[in-house]
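> Hey, dropping input.cif in here, mmCIF, C-alpha atoms (C1' of nucleotides):
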```cif
data_coords
#
loop_
_atom_site.label_atom_id
_atom_site.label_comp_id
_atom_site.auth_asym_id
_atom_site.auth_seq_id
_atom_site.Cartn_x
_atom_site.Cartn_y
_atom_site.Cartn_z
CA MET A 1 -24.87 -57.43 41.61
CA THR A 2 -22.75 -54.53 40.40
CA ARG A 3 -19.08 -54.91 41.16
CA GLY A 4 -16.98 -52.30 42.87
CA PRO A 5 -16.10 -49.16 40.95
CA ARG A 6 -13.46 -49.62 38.32
CA ARG A 7 -13.23 -45.90 37.53
CA SER A 8 -10.52 -43.97 39.27
CA VAL A 9 -12.87 -41.01 39.86
CA HIS A 10 -16.60 -40.75 40.42
CA PRO A 11 -18.57 -39.06 37.61
CA ASP A 12 -19.87 -36.58 40.21
CA ALA A 13 -16.27 -35.56 40.90
CA VAL A 14 -15.92 -34.72 37.22
CA LEU A 15 -18.98 -32.46 37.47
CA ASP A 16 -17.66 -30.87 40.66
CA ALA A 17 -14.43 -30.00 38.89
CA ALA A 18 -16.33 -28.81 35.81
CA LEU A 19 -18.37 -26.40 37.91
CA GLU A 20 -15.21 -25.08 39.53
CA LEU A 21 -13.67 -24.44 36.14
CA ILE A 22 -16.80 -22.68 34.83
CA ASP A 23 -16.74 -20.48 37.92
CA GLU A 24 -13.08 -19.73 37.29
CA GLY A 25 -13.91 -18.64 33.77
CA ALA A 26 -12.98 -21.44 31.40
CA LEU A 27 -14.13 -25.03 31.23
CA THR A 28 -11.86 -26.99 28.89
CA MET A 29 -11.57 -30.73 28.58
CA ARG A 30 -7.84 -30.51 29.13
CA ALA A 31 -8.09 -28.45 32.31
CA LEU A 32 -10.89 -30.71 33.52
CA ALA A 33 -8.82 -33.83 32.93
CA THR A 34 -5.88 -32.33 34.80
CA ARG A 35 -8.07 -31.38 37.75
CA VAL A 36 -9.45 -34.88 38.20
CA GLY A 37 -6.06 -36.48 37.53
CA LEU A 38 -6.76 -37.95 34.13
CA THR A 39 -5.73 -37.53 30.54
CA PRO A 40 -8.17 -35.63 28.26
CA GLY A 41 -9.12 -38.73 26.31
CA ALA A 42 -10.15 -40.56 29.48
CA LEU A 43 -13.02 -38.10 30.04
CA TYR A 44 -14.76 -39.64 27.07
CA THR A 45 -15.45 -42.80 29.03
CA TYR A 46 -17.43 -40.65 31.48
CA PHE A 47 -19.29 -38.38 29.07
CA PRO A 48 -19.70 -38.63 25.30
CA ASP A 49 -18.57 -35.04 24.76
CA ARG A 50 -18.17 -31.60 26.31
CA SER A 51 -21.79 -30.59 25.82
CA ALA A 52 -22.98 -33.65 27.75
CA ILE A 53 -20.94 -32.44 30.71
CA VAL A 54 -22.50 -29.00 30.53
CA THR A 55 -25.99 -30.47 30.27
CA ALA A 56 -25.46 -32.77 33.24
CA LEU A 57 -24.04 -29.88 35.22
CA ALA A 58 -27.01 -27.65 34.43
CA ASP A 59 -29.44 -30.29 35.63
CA ARG A 60 -27.46 -30.83 38.81
CA LEU A 61 -27.45 -27.11 39.52
CA LEU A 62 -31.20 -27.00 39.02
CA ALA A 63 -31.51 -29.76 41.61
CA GLU A 64 -29.83 -27.59 44.23
CA ALA A 65 -32.85 -25.33 44.63
CA ASP A 66 -35.18 -26.87 47.21
CA LEU A 67 -38.25 -27.98 45.30
CA SER A 68 -40.19 -28.67 48.50
CA LEU A 69 -40.57 -24.90 48.87
CA LEU A 70 -43.33 -25.25 46.29
CA ASP A 71 -45.21 -27.85 48.31
CA ASP A 72 -45.54 -26.21 51.73
CA PRO A 73 -49.34 -26.34 52.26
CA SER A 74 -49.26 -23.79 55.08
CA LEU A 75 -48.38 -20.99 52.64
CA PRO A 76 -50.48 -19.34 49.94
CA PRO A 77 -49.54 -20.41 46.39
CA HIS A 78 -47.96 -17.11 45.40
CA GLN A 79 -45.75 -17.15 48.47
CA ARG A 80 -44.56 -20.65 47.60
CA VAL A 81 -43.71 -19.60 44.06
CA GLU A 82 -41.82 -16.60 45.37
CA ASN A 83 -39.87 -18.68 47.88
CA TYR A 84 -38.82 -21.21 45.29
CA SER A 85 -37.99 -18.53 42.70
CA LEU A 86 -35.75 -16.72 45.16
CA ALA A 87 -34.04 -19.99 46.05
CA LEU A 88 -33.46 -20.84 42.40
CA ARG A 89 -32.14 -17.35 41.72
CA GLU A 90 -29.69 -17.66 44.58
CA VAL A 91 -28.42 -21.04 43.43
CA LEU A 92 -27.94 -19.98 39.83
CA LEU A 93 -26.46 -16.56 40.51
CA ALA A 94 -23.80 -18.27 42.61
CA HIS A 95 -22.56 -19.64 39.27
CA PRO A 96 -23.33 -16.91 36.73
CA ALA A 97 -21.12 -18.36 34.01
CA ALA A 98 -23.18 -21.56 34.08
CA VAL A 99 -26.51 -19.79 33.57
CA PRO A 100 -26.44 -19.56 29.76
CA ALA A 101 -26.02 -23.33 29.65
CA ILE A 102 -29.07 -23.78 31.84
CA LEU A 103 -31.31 -21.73 29.60
CA GLY A 104 -30.05 -23.57 26.56
CA ALA A 105 -29.71 -27.10 27.72
CA ALA A 106 -31.14 -28.17 31.02
CA PHE A 107 -34.71 -27.14 30.63
CA ASN A 108 -35.27 -30.39 28.85
CA GLY A 109 -33.44 -32.33 31.57
CA PRO A 110 -34.97 -34.65 34.19
CA MET A 111 -34.84 -32.05 36.94
CA ALA A 112 -36.62 -29.47 34.79
CA LEU A 113 -39.45 -31.96 34.45
CA ARG A 114 -39.75 -32.23 38.20
CA VAL A 115 -39.75 -28.44 38.57
CA GLY A 116 -42.51 -28.18 36.00
CA GLU A 117 -44.60 -30.85 37.71
CA SER A 118 -44.32 -29.12 41.08
CA LEU A 119 -45.13 -25.71 39.62
CA LEU A 120 -48.27 -27.13 38.04
CA GLY A 121 -49.41 -28.07 41.52
CA VAL A 122 -49.30 -24.44 42.61
CA LEU A 123 -50.37 -22.32 39.64
CA PRO A 124 -53.73 -22.26 37.85
CA ASP A 125 -52.75 -23.61 34.44
CA ALA A 126 -49.77 -24.62 32.34
CA ARG A 127 -49.63 -21.35 30.45
CA ALA A 128 -49.34 -19.47 33.74
CA THR A 129 -46.62 -21.88 34.86
CA TYR A 130 -44.60 -21.20 31.74
CA THR A 131 -45.07 -17.44 32.05
CA VAL A 132 -43.57 -17.55 35.53
CA MET A 133 -40.67 -19.71 34.33
CA VAL A 134 -40.00 -17.24 31.54
CA TYR A 135 -39.93 -14.31 33.95
CA VAL A 136 -37.77 -16.05 36.54
CA LEU A 137 -35.27 -17.50 34.07
CA GLY A 138 -35.18 -14.29 32.03
CA ALA A 139 -34.43 -12.20 35.09
CA ILE A 140 -31.75 -14.64 36.23
CA ALA A 141 -30.16 -14.68 32.76
CA LEU A 142 -29.94 -10.88 32.60
CA GLU A 143 -28.61 -10.70 36.14
CA ALA A 144 -26.06 -13.43 35.49
CA ALA A 145 -24.72 -11.62 32.42
CA ASP A 146 -24.31 -8.47 34.46
CA LEU A 147 -22.76 -10.34 37.38
CA GLU A 148 -20.03 -11.77 35.19
CA ALA A 149 -18.74 -8.24 34.62
CA PHE A 150 -17.83 -8.01 38.30
CA GLY A 151 -15.00 -10.00 39.83
CA THR A 152 -15.22 -13.35 41.51
CA PRO A 153 -16.47 -13.36 44.14
CA PRO A 154 -18.59 -10.34 43.23
CA PRO A 155 -19.10 -7.45 45.68
CA PRO A 156 -22.38 -7.44 47.66
CA GLU A 157 -25.53 -6.28 45.92
CA PRO A 158 -25.65 -2.70 47.26
CA ASP A 159 -22.09 -2.11 46.07
CA ARG A 160 -22.96 -3.48 42.64
CA VAL A 161 -25.97 -1.18 42.38
CA ALA A 162 -23.83 1.78 43.41
CA ALA A 163 -21.14 0.86 40.89
CA ARG A 164 -23.70 0.58 38.12
CA ARG A 165 -25.23 3.90 39.11
CA ALA A 166 -21.83 5.59 38.92
CA ALA A 167 -21.14 4.07 35.50
CA LEU A 168 -24.43 5.28 33.98
CA LEU A 169 -23.47 8.42 32.12
CA ILE A 170 -26.57 9.41 30.18
CA ASP A 171 -27.17 12.52 28.09
CA PRO A 172 -30.37 14.09 29.51
CA GLU A 173 -31.10 15.78 26.14
CA GLN A 174 -31.02 12.56 24.16
CA PHE A 175 -32.50 10.21 26.78
CA PRO A 176 -34.61 12.34 29.12
CA ARG A 177 -36.81 9.54 30.48
CA THR A 178 -33.84 7.27 31.05
CA TYR A 179 -32.03 10.10 32.79
CA ARG A 180 -34.92 10.62 35.18
CA GLU A 181 -34.96 6.93 36.14
CA LEU A 182 -31.26 6.30 36.64
CA ASP A 183 -31.60 5.26 40.26
CA THR A 184 -34.22 2.67 39.43
CA ILE A 185 -32.26 1.47 36.38
CA ALA A 186 -29.11 0.99 38.46
CA ALA A 187 -31.19 -1.30 40.70
CA TYR A 188 -32.59 -3.44 37.87
CA ASN A 189 -30.34 -6.32 38.89
CA SER A 190 -31.39 -6.60 42.50
CA THR A 191 -33.47 -8.83 44.73
CA GLY A 192 -35.94 -5.99 45.19
CA GLN A 193 -36.61 -5.55 41.48
CA PHE A 194 -36.80 -9.33 41.02
CA ARG A 195 -39.46 -9.65 43.70
CA TRP A 196 -41.38 -6.56 42.53
CA GLY A 197 -41.63 -7.90 38.99
CA LEU A 198 -42.54 -11.39 40.16
CA HIS A 199 -45.39 -9.97 42.25
CA ARG A 200 -46.74 -8.06 39.25
CA VAL A 201 -46.49 -11.15 37.03
CA LEU A 202 -48.28 -13.31 39.59
CA ALA A 203 -50.94 -10.61 40.03
CA GLY A 204 -51.51 -10.59 36.29
CA LEU A 205 -51.85 -14.37 36.24
CA SER A 206 -54.40 -14.33 39.07
CA GLY A 207 -56.73 -12.06 37.18
CA SER A 208 -56.96 -14.37 34.22
CA MET B 209 -12.69 16.06 5.07
CA THR B 210 -12.32 12.29 5.36
CA ARG B 211 -10.57 10.69 2.42
CA GLY B 212 -11.95 7.80 0.46
CA PRO B 213 -12.03 4.40 2.13
CA ARG B 214 -8.69 2.70 2.41
CA ARG B 215 -10.16 -0.55 3.72
CA SER B 216 -10.82 -3.24 1.21
CA VAL B 217 -14.14 -4.13 2.87
CA HIS B 218 -16.67 -2.09 4.84
CA PRO B 219 -16.98 -2.97 8.53
CA ASP B 220 -20.69 -3.61 7.94
CA ALA B 221 -19.73 -6.28 5.43
CA VAL B 222 -17.73 -7.98 8.16
CA LEU B 223 -20.83 -7.99 10.37
CA ASP B 224 -22.99 -9.28 7.52
CA ALA B 225 -20.61 -12.19 7.06
CA ALA B 226 -20.42 -12.76 10.81
CA LEU B 227 -24.20 -13.06 11.04
CA GLU B 228 -24.21 -15.52 8.15
CA LEU B 229 -21.64 -17.66 9.91
CA ILE B 230 -23.54 -17.58 13.21
CA ASP B 231 -26.66 -18.67 11.35
CA GLU B 232 -24.66 -21.47 9.74
CA GLY B 233 -23.57 -22.65 13.15
CA ALA B 234 -20.02 -21.47 13.73
CA LEU B 235 -18.51 -18.01 13.76
CA THR B 236 -14.72 -18.28 13.69
CA MET B 237 -12.27 -15.53 12.88
CA ARG B 238 -10.70 -17.70 10.23
CA ALA B 239 -13.95 -18.48 8.44
CA LEU B 240 -14.98 -14.83 8.75
CA ALA B 241 -11.70 -13.66 7.22
CA THR B 242 -12.09 -16.10 4.33
CA ARG B 243 -15.65 -14.96 3.68
CA VAL B 244 -14.71 -11.29 3.38
CA GLY B 245 -11.52 -12.09 1.45
CA LEU B 246 -8.97 -11.30 4.12
CA THR B 247 -6.44 -13.02 6.29
CA PRO B 248 -7.45 -13.65 9.94
CA GLY B 249 -5.02 -11.08 11.29
CA ALA B 250 -6.50 -8.34 9.11
CA LEU B 251 -9.80 -8.55 11.02
CA TYR B 252 -8.05 -7.02 14.01
CA THR B 253 -7.86 -3.67 12.22
CA TYR B 254 -11.67 -3.70 12.10
CA PHE B 255 -12.49 -5.01 15.58
CA PRO B 256 -10.25 -5.42 18.61
CA ASP B 257 -11.31 -9.03 19.13
CA ARG B 258 -13.99 -11.63 18.48
CA SER B 259 -16.25 -10.51 21.32
CA ALA B 260 -16.37 -6.97 19.91
CA ILE B 261 -17.76 -8.42 16.69
CA VAL B 262 -20.44 -10.32 18.56
CA THR B 263 -21.38 -7.24 20.58
CA ALA B 264 -21.62 -5.04 17.49
CA LEU B 265 -23.69 -7.69 15.78
CA ALA B 266 -26.08 -7.98 18.70
CA ASP B 267 -26.68 -4.24 18.71
CA ARG B 268 -27.26 -4.20 14.97
CA LEU B 269 -29.79 -7.01 15.26
CA LEU B 270 -31.61 -5.10 17.98
CA ALA B 271 -31.81 -2.15 15.60
CA GLU B 272 -33.72 -4.22 13.06
CA ALA B 273 -36.91 -4.25 15.15
CA ASP B 274 -38.91 -1.13 14.30
CA LEU B 275 -38.79 1.06 17.39
CA SER B 276 -41.44 3.42 16.01
CA LEU B 277 -44.00 0.72 16.81
CA LEU B 278 -43.75 1.98 20.39
CA ASP B 279 -44.56 5.56 19.45
CA ASP B 280 -47.77 5.21 17.42
CA PRO B 281 -50.11 7.57 19.33
CA SER B 282 -53.25 6.11 17.74
CA LEU B 283 -52.83 2.85 19.65
CA PRO B 284 -53.24 2.12 23.36
CA PRO B 285 -49.93 1.64 25.23
CA HIS B 286 -50.31 -2.10 25.74
CA GLN B 287 -50.97 -2.61 22.05
CA ARG B 288 -47.81 -0.70 21.19
CA VAL B 289 -45.75 -2.80 23.57
CA GLU B 290 -47.20 -5.96 22.08
CA ASN B 291 -46.52 -4.84 18.51
CA TYR B 292 -42.91 -4.01 19.27
CA SER B 293 -42.37 -7.18 21.30
CA LEU B 294 -43.68 -9.33 18.47
CA ALA B 295 -41.45 -7.50 16.00
CA LEU B 296 -38.39 -7.97 18.21
CA ARG B 297 -39.22 -11.63 18.69
CA GLU B 298 -39.47 -12.14 14.95
CA VAL B 299 -36.16 -10.41 14.27
CA LEU B 300 -34.27 -12.33 16.93
CA LEU B 301 -35.81 -15.74 16.27
CA ALA B 302 -34.68 -15.40 12.66
CA HIS B 303 -31.17 -15.76 14.12
CA PRO B 304 -31.55 -18.06 17.13
CA ALA B 305 -27.85 -18.76 17.48
CA ALA B 306 -27.21 -15.04 17.98
CA VAL B 307 -29.72 -14.71 20.81
CA PRO B 308 -27.45 -15.77 23.71
CA ALA B 309 -25.04 -13.03 22.67
CA ILE B 310 -27.81 -10.47 22.80
CA LEU B 311 -28.81 -11.36 26.33
CA GLY B 312 -25.22 -11.28 27.43
CA ALA B 313 -23.72 -8.40 25.57
CA ALA B 314 -25.94 -6.02 23.72
CA PHE B 315 -28.26 -4.91 26.43
CA ASN B 316 -25.64 -2.42 27.39
CA GLY B 317 -25.22 -1.27 23.79
CA PRO B 318 -26.37 2.03 22.26
CA MET B 319 -29.47 0.50 20.67
CA ALA B 320 -30.56 -1.04 23.97
CA LEU B 321 -30.51 2.45 25.42
CA ARG B 322 -32.85 3.70 22.71
CA VAL B 323 -35.20 0.76 23.28
CA GLY B 324 -35.29 1.53 26.99
CA GLU B 325 -35.98 5.21 26.38
CA SER B 326 -38.88 4.44 24.05
CA LEU B 327 -40.35 1.84 26.42
CA LEU B 328 -40.30 4.39 29.24
CA GLY B 329 -42.55 6.56 27.09
CA VAL B 330 -45.19 3.86 27.02
CA LEU B 331 -45.15 2.12 30.39
CA PRO B 332 -45.92 3.56 33.83
CA ASP B 333 -42.53 3.32 35.50
CA ALA B 334 -39.03 1.98 35.03
CA ARG B 335 -39.63 -1.14 37.10
CA ALA B 336 -42.54 -2.05 34.86
CA THR B 337 -40.39 -1.42 31.80
CA TYR B 338 -37.75 -3.80 33.05
CA THR B 339 -40.31 -6.46 33.95
CA VAL B 340 -41.57 -6.42 30.37
CA MET B 341 -38.01 -6.61 29.00
CA VAL B 342 -37.33 -9.59 31.25
CA TYR B 343 -40.43 -11.40 30.05
CA VAL B 344 -39.86 -10.64 26.36
CA LEU B 345 -36.14 -11.47 26.36
CA GLY B 346 -36.64 -14.53 28.57
CA ALA B 347 -39.30 -15.93 26.26
CA ILE B 348 -37.15 -15.24 23.20
CA ALA B 349 -34.12 -16.88 24.83
CA LEU B 350 -36.03 -20.06 25.67
CA GLU B 351 -37.59 -20.17 22.22
CA ALA B 352 -34.25 -19.58 20.51
CA ALA B 353 -32.64 -22.45 22.40
CA ASP B 354 -35.46 -24.73 21.33
CA LEU B 355 -35.35 -23.48 17.75
CA GLU B 356 -31.69 -24.37 17.40
CA ALA B 357 -32.63 -28.02 17.84
CA PHE B 358 -34.51 -27.89 14.55
CA GLY B 359 -32.78 -27.58 11.21
CA THR B 360 -32.04 -24.42 9.30
CA PRO B 361 -34.36 -23.12 8.09
CA PRO B 362 -36.67 -24.52 10.78
CA PRO B 363 -40.08 -25.98 9.89
CA PRO B 364 -43.11 -23.70 10.42
CA GLU B 365 -44.42 -23.22 13.94
CA PRO B 366 -47.35 -25.70 13.81
CA ASP B 367 -44.97 -28.44 12.64
CA ARG B 368 -42.57 -27.64 15.46
CA VAL B 369 -45.36 -27.82 18.03
CA ALA B 370 -46.49 -31.15 16.60
CA ALA B 371 -42.93 -32.51 16.62
CA ARG B 372 -42.48 -31.47 20.23
CA ARG B 373 -45.81 -33.03 21.18
CA ALA B 374 -44.77 -36.32 19.61
CA ALA B 375 -41.43 -36.26 21.42
CA LEU B 376 -42.97 -35.72 24.86
CA LEU B 377 -43.07 -39.17 26.40
CA ILE B 378 -44.14 -38.65 29.97
CA ASP B 379 -44.93 -41.25 32.61
CA PRO B 380 -48.46 -40.38 33.89
CA GLU B 381 -47.72 -42.07 37.23
CA GLN B 382 -44.64 -40.00 37.96
CA PHE B 383 -45.74 -36.71 36.39
CA PRO B 384 -49.57 -36.69 36.39
CA ARG B 385 -50.01 -32.92 36.11
CA THR B 386 -47.46 -32.65 33.33
CA TYR B 387 -49.13 -35.54 31.54
CA ARG B 388 -52.48 -33.77 31.64
CA GLU B 389 -51.03 -30.60 30.11
CA LEU B 390 -48.95 -32.09 27.31
CA ASP B 391 -50.78 -30.26 24.54
CA THR B 392 -50.24 -26.90 26.21
CA ILE B 393 -46.61 -27.72 27.02
CA ALA B 394 -45.90 -28.65 23.41
CA ALA B 395 -47.12 -25.17 22.48
CA TYR B 396 -44.93 -23.30 25.00
CA ASN B 397 -42.71 -22.05 22.21
CA SER B 398 -45.35 -20.44 20.06
CA THR B 399 -46.61 -17.00 19.16
CA GLY B 400 -49.86 -17.75 20.98
CA GLN B 401 -48.17 -18.56 24.30
CA PHE B 402 -45.88 -15.55 23.90
CA ARG B 403 -48.81 -13.19 23.45
CA TRP B 404 -50.88 -14.81 26.21
CA GLY B 405 -48.09 -14.42 28.74
CA LEU B 406 -47.33 -10.86 27.63
CA HIS B 407 -50.98 -9.93 28.13
CA ARG B 408 -50.96 -11.33 31.66
CA VAL B 409 -47.70 -9.52 32.47
CA LEU B 410 -49.06 -6.21 31.17
CA ALA B 411 -52.30 -6.77 33.08
CA GLY B 412 -50.31 -7.30 36.26
CA LEU B 413 -48.37 -4.13 35.66
CA SER B 414 -51.53 -2.08 35.10
CA GLY B 415 -52.94 -3.02 38.44
CA SER B 416 -49.94 -1.73 40.34
"C1'" DA C 417 -3.50 2.40 7.99
"C1'" DC C 418 -4.22 -1.88 6.11
"C1'" DC C 419 -2.81 -6.37 5.08
"C1'" DT C 420 -0.01 -10.94 4.65
"C1'" DG C 421 2.44 -14.89 6.31
"C1'" DA C 422 3.86 -17.18 9.88
"C1'" DA C 423 3.97 -18.32 14.32
"C1'" DC C 424 2.35 -19.07 19.41
"C1'" DA C 425 -0.40 -21.09 22.61
"C1'" DC C 426 -4.14 -23.15 22.81
"C1'" DC C 427 -8.74 -26.12 21.72
"C1'" DG C 428 -12.19 -30.90 21.33
"C1'" DT C 429 -12.02 -35.40 19.82
"C1'" DT C 430 -10.22 -39.91 18.17
"C1'" DC C 431 -7.74 -44.03 18.51
"C1'" DA C 432 -4.19 -47.70 18.76
"C1'" DA C 433 -2.13 -49.72 22.46
"C1'" DG C 434 -1.74 -51.06 27.09
"C1'" DT C 435 -3.97 -52.93 31.88
"C1'" DA D 436 -13.92 -51.05 30.92
"C1'" DC D 437 -10.73 -47.66 31.81
"C1'" DC D 438 -6.78 -45.13 30.70
"C1'" DT D 439 -2.41 -43.22 28.26
"C1'" DG D 440 0.17 -41.08 24.61
"C1'" DA D 441 0.04 -39.24 20.53
"C1'" DA D 442 -2.00 -37.41 16.84
"C1'" DC D 443 -5.59 -34.75 13.86
"C1'" DA D 444 -7.93 -30.85 12.70
"C1'" DC D 445 -8.94 -27.05 14.37
"C1'" DC D 446 -9.10 -22.34 17.37
"C1'" DG D 447 -8.05 -16.69 18.72
"C1'" DT D 448 -4.47 -13.58 18.71
"C1'" DT D 449 0.09 -11.39 17.82
"C1'" DC D 450 3.57 -9.45 15.11
"C1'" DA D 451 7.45 -8.50 11.88
"C1'" DA D 452 7.42 -7.24 7.37
"C1'" DG D 453 5.55 -5.35 3.34
"C1'" DT D 454 2.42 -1.55 0.70
#
```
For this file, write the structure as C-alpha cells.


Amino acid sequence: MTRGPRRSVHPDAVLDAALELIDEGALTMRALATRVGLTPGALYTYFPDRSAIVTALADRLLAEADLSLLDDPSLPPHQRVENYSLALREVLLAHPAAVPAILGAAFNGPMALRVGESLLGVLPDARATYTVMVYVLGAIALEAADLEAFGTPPPPEPDRVAARRAALLIDPEQFPRTYRELDTIAAYNSTGQFRWGLHRVLAGLSGS
Amino acid sequence: MTRGPRRSVHPDAVLDAALELIDEGALTMRALATRVGLTPGALYTYFPDRSAIVTALADRLLAEADLSLLDDPSLPPHQRVENYSLALREVLLAHPAAVPAILGAAFNGPMALRVGESLLGVLPDARATYTVMVYVLGAIALEAADLEAFGTPPPPEPDRVAARRAALLIDPEQFPRTYRELDTIAAYNSTGQFRWGLHRVLAGLSGS
DNA sequence: ACCTGAACACCGTTCAAGT
DNA sequence: ACCTGAACACCGTTCAAGT
C-alpha cells in the first residue's frame, strides 16, 4: 500500500556518502548534503541528527561481517569464533575512522543483538561471550587508532610493522624489557598477534 | 637558571580545566580559555592545538593509576596484574568521556611506555602483555561508553545493572539465547564481569 | 614570551516558506 | 512529506598589535 518514493535520495545513499566522508577524514552535515545533492537542512527529514547517522552507519558496518561464519556446524566452536572475529576485524579496519563510533554507539543496535545471539550459540556462557567481544573489539579499536596514523589507503601490514619498528626509539637503560621486545611490540597491530591473543583468550575460557 | 614564571596560569591548570570540561560534556577552546581566565588565542602559547591538550590529558590520566601495584613482590603476578587493572579501570571510569581519547592517543605517550615496561616485568612475554592490555582497555572502553548514557555523577553500579536489566526488552522467539541470559547481560558492565573475564584471560595466558 | 581583539573559515540545527 | 534559503549560535585557529 505504500506509494512510490517521494524522497529524492534513498536513506541508504545518505549512509553510503556518510561512510565515504568518514573514510576521507571528516563527516559534516554540510559535506554530506552536498554529496547527496541536498541542502543541509534536508538531511533532517532522513535522520533526526548527526549522531543518528553515525549510529545507523555503525550498525550497517557491523552487518557486513558474515554472521553465518558462527553457525557452520562442520567446524569446532573455537574455529567458528576465530573465523567470524577475523571477518569482523577486516570489515571494521577497512574503515578505521568509523571504529570509535562502533564501540560507543552500535553495540546497542539491532545488529549487535544478532551478533550476541549467534555468539551465545557457540560459546559456553554469556560471560565468556562478553569476554571474547571485549577482546575482539578492544584489539580492533587499538588497531584502528594506529591505522589512522597511516595514509589512506594504508600500506600493507608488513610495511606498517616495519615502519613502526623503525619509529620505536627506546632507551635501553630506562626501558630494558621494552627494548628487548621491540620486534614483538612493532607487531602488536597485526593479524598474527590478533589471532595469538584470541587463541589464548579462548583457551582460558575453555578451562572455566 | 630559569626565571620565574611569566605565564599567568600553569599548564597543569589548563589540563585541570580541560578535564573538568570533558567531564561536563564539552571541551572547547573557548570554554577552556574562559575557565582559566584567558582569551582563546592565548591557549596556543601553551599547546599547539586542541588535540595536543587531549593527548597530554590522556597521558596524565594514565599516570593516576598506581603503577607500583605491578611491582609488589609479595603478591603472585596475576594478583598484581588484577590490582593494577582494577585501579586503572577506576581512574578511567571516573572520566568516561575522556576514555575514547586514551584509546586513540595516549597509548603512544610517555606514561603508556612506563605501563608497558612494568607489565613486561610481570607477564611471561610481550604478546601476553598486549593481550592483557587489549582486554583491560577494551572492557574499559565499552563500560565508559555505557556509563556516559547515565547522568553525572552516575548512580552506583547495582543501580546501573538494575536499570539496564529493566531496559532490556527482548523477544524470546527471535533471540532465545539472549533472552535466557538477560541477567548476566545486564551485568556485563560491572566489576564482577571485569574480574571474571580478566581471570579467564590470565588463565589462558598461563597455559601457553 | 605572553596575551588581546578581531577576524577567517568553518560547524550542527532550526524554521518559515515553498512544492 | 520533502526541500530550500537563510539565519542562529556556535566552533578551532590565526595574526597584527600591544606589554

> Sort by chain and increasing residue number a table of all residues of chain B within 9 Å of chain D, each with its closest pair of atoms and their distance in Å to one decimal, counting all atoms listed in the file, and write it as JSON lines.


```
{"residue": "B:Thr236", "atom": "CA", "partner": "D:DC446", "partner_atom": "C1'", "distance": 7.8}
{"residue": "B:Met237", "atom": "CA", "partner": "D:DG447", "partner_atom": "C1'", "distance": 7.3}
{"residue": "B:Arg238", "atom": "CA", "partner": "D:DC446", "partner_atom": "C1'", "distance": 8.7}
{"residue": "B:Gly249", "atom": "CA", "partner": "D:DT448", "partner_atom": "C1'", "distance": 7.8}
{"residue": "B:Tyr252", "atom": "CA", "partner": "D:DT448", "partner_atom": "C1'", "distance": 8.8}
{"residue": "B:Asp257", "atom": "CA", "partner": "D:DT448", "partner_atom": "C1'", "distance": 8.2}
{"residue": "B:Arg258", "atom": "CA", "partner": "D:DG447", "partner_atom": "C1'", "distance": 7.8}
```

> Could you state the separation of atom CA of Arg114 of chain A and atom CA of Ile53 of chain A in Å, given to one decimal place?

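Those two atoms sit 20.2 Å apart.
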
> Leaving out Thr55 of chain A and any residue of its chain fewer than 3 positions from it, which residues lie within 12 Å of it when counting all atoms listed in the file, given as JSON, numbers by chain?

{"A": [15, 18, 19, 47, 48, 49, 50, 51, 52, 58, 59, 60, 61, 62, 98, 99, 100, 101, 102, 103, 104, 105, 106, 107, 108, 109, 110, 111, 112]}

> Name the closest residue to Phe402 of chain B among the candidates A:Leu88, A:Ala163, A:Ala149, A:Val134; distances are taken between atoms, counting all atoms listed in the file.

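Ranked by minimum distance to Phe402 of chain B, first place goes to A:Val134.
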
> Please, which residues in chain B fall within 7 Å of chain A when counting only C-alpha atoms, and what is the closest atom pair and distance in Å to one decimal for each, ordered by chain then residue number, as CSV?


```
residue,atom,partner,partner_atom,distance
B:Leu311,CA,A:Leu142,CA,6.4
B:Gly312,CA,A:Ala145,CA,5.0
B:Glu325,CA,A:Thr178,CA,5.5
B:Leu328,CA,A:Arg177,CA,6.3
B:Ala334,CA,A:Glu181,CA,6.5
B:Arg335,CA,A:Gln193,CA,6.9
B:Thr339,CA,A:Gly197,CA,5.4
B:Val342,CA,A:Gly138,CA,5.2
B:Tyr343,CA,A:Tyr135,CA,4.9
B:Leu345,CA,A:Gly138,CA,6.4
B:Gly346,CA,A:Gly138,CA,3.8
B:Ala347,CA,A:Val134,CA,5.5
B:Leu350,CA,A:Leu103,CA,6.4
B:Ala353,CA,A:Gly104,CA,5.0
B:Phe383,CA,A:Glu117,CA,6.1
B:Arg385,CA,A:Glu117,CA,6.0
B:Thr386,CA,A:Glu117,CA,5.5
B:Glu389,CA,A:Ala126,CA,6.5
B:Thr392,CA,A:Ala126,CA,6.6
B:Ile393,CA,A:Ala126,CA,6.9
B:Gln401,CA,A:Arg127,CA,6.9
B:Gly405,CA,A:Thr131,CA,5.4
B:Arg408,CA,A:Gly204,CA,4.7
B:Val409,CA,A:Val201,CA,5.0
B:Ala411,CA,A:Gly204,CA,5.1
B:Gly412,CA,A:Gly204,CA,3.5
B:Leu413,CA,A:Arg200,CA,5.6
```

> Would you output that residue set with C-alpha atoms, as a short mmCIF file (atom, residue, chain, number, x, y, z; two decimals), keeping the file's coordinate frame?


```cif
data_model
loop_
_atom_site.label_atom_id
_atom_site.label_comp_id
_atom_site.auth_asym_id
_atom_site.auth_seq_id
_atom_site.Cartn_x
_atom_site.Cartn_y
_atom_site.Cartn_z
CA LEU B 311 -28.81 -11.36 26.33
CA GLY B 312 -25.22 -11.28 27.43
CA GLU B 325 -35.98 5.21 26.38
CA LEU B 328 -40.30 4.39 29.24
CA ALA B 334 -39.03 1.98 35.03
CA ARG B 335 -39.63 -1.14 37.10
CA THR B 339 -40.31 -6.46 33.95
CA VAL B 342 -37.33 -9.59 31.25
CA TYR B 343 -40.43 -11.40 30.05
CA LEU B 345 -36.14 -11.47 26.36
CA GLY B 346 -36.64 -14.53 28.57
CA ALA B 347 -39.30 -15.93 26.26
CA LEU B 350 -36.03 -20.06 25.67
CA ALA B 353 -32.64 -22.45 22.40
CA PHE B 383 -45.74 -36.71 36.39
CA ARG B 385 -50.01 -32.92 36.11
CA THR B 386 -47.46 -32.65 33.33
CA GLU B 389 -51.03 -30.60 30.11
CA THR B 392 -50.24 -26.90 26.21
CA ILE B 393 -46.61 -27.72 27.02
CA GLN B 401 -48.17 -18.56 24.30
CA GLY B 405 -48.09 -14.42 28.74
CA ARG B 408 -50.96 -11.33 31.66
CA VAL B 409 -47.70 -9.52 32.47
CA ALA B 411 -52.30 -6.77 33.08
CA GLY B 412 -50.31 -7.30 36.26
CA LEU B 413 -48.37 -4.13 35.66
#
```
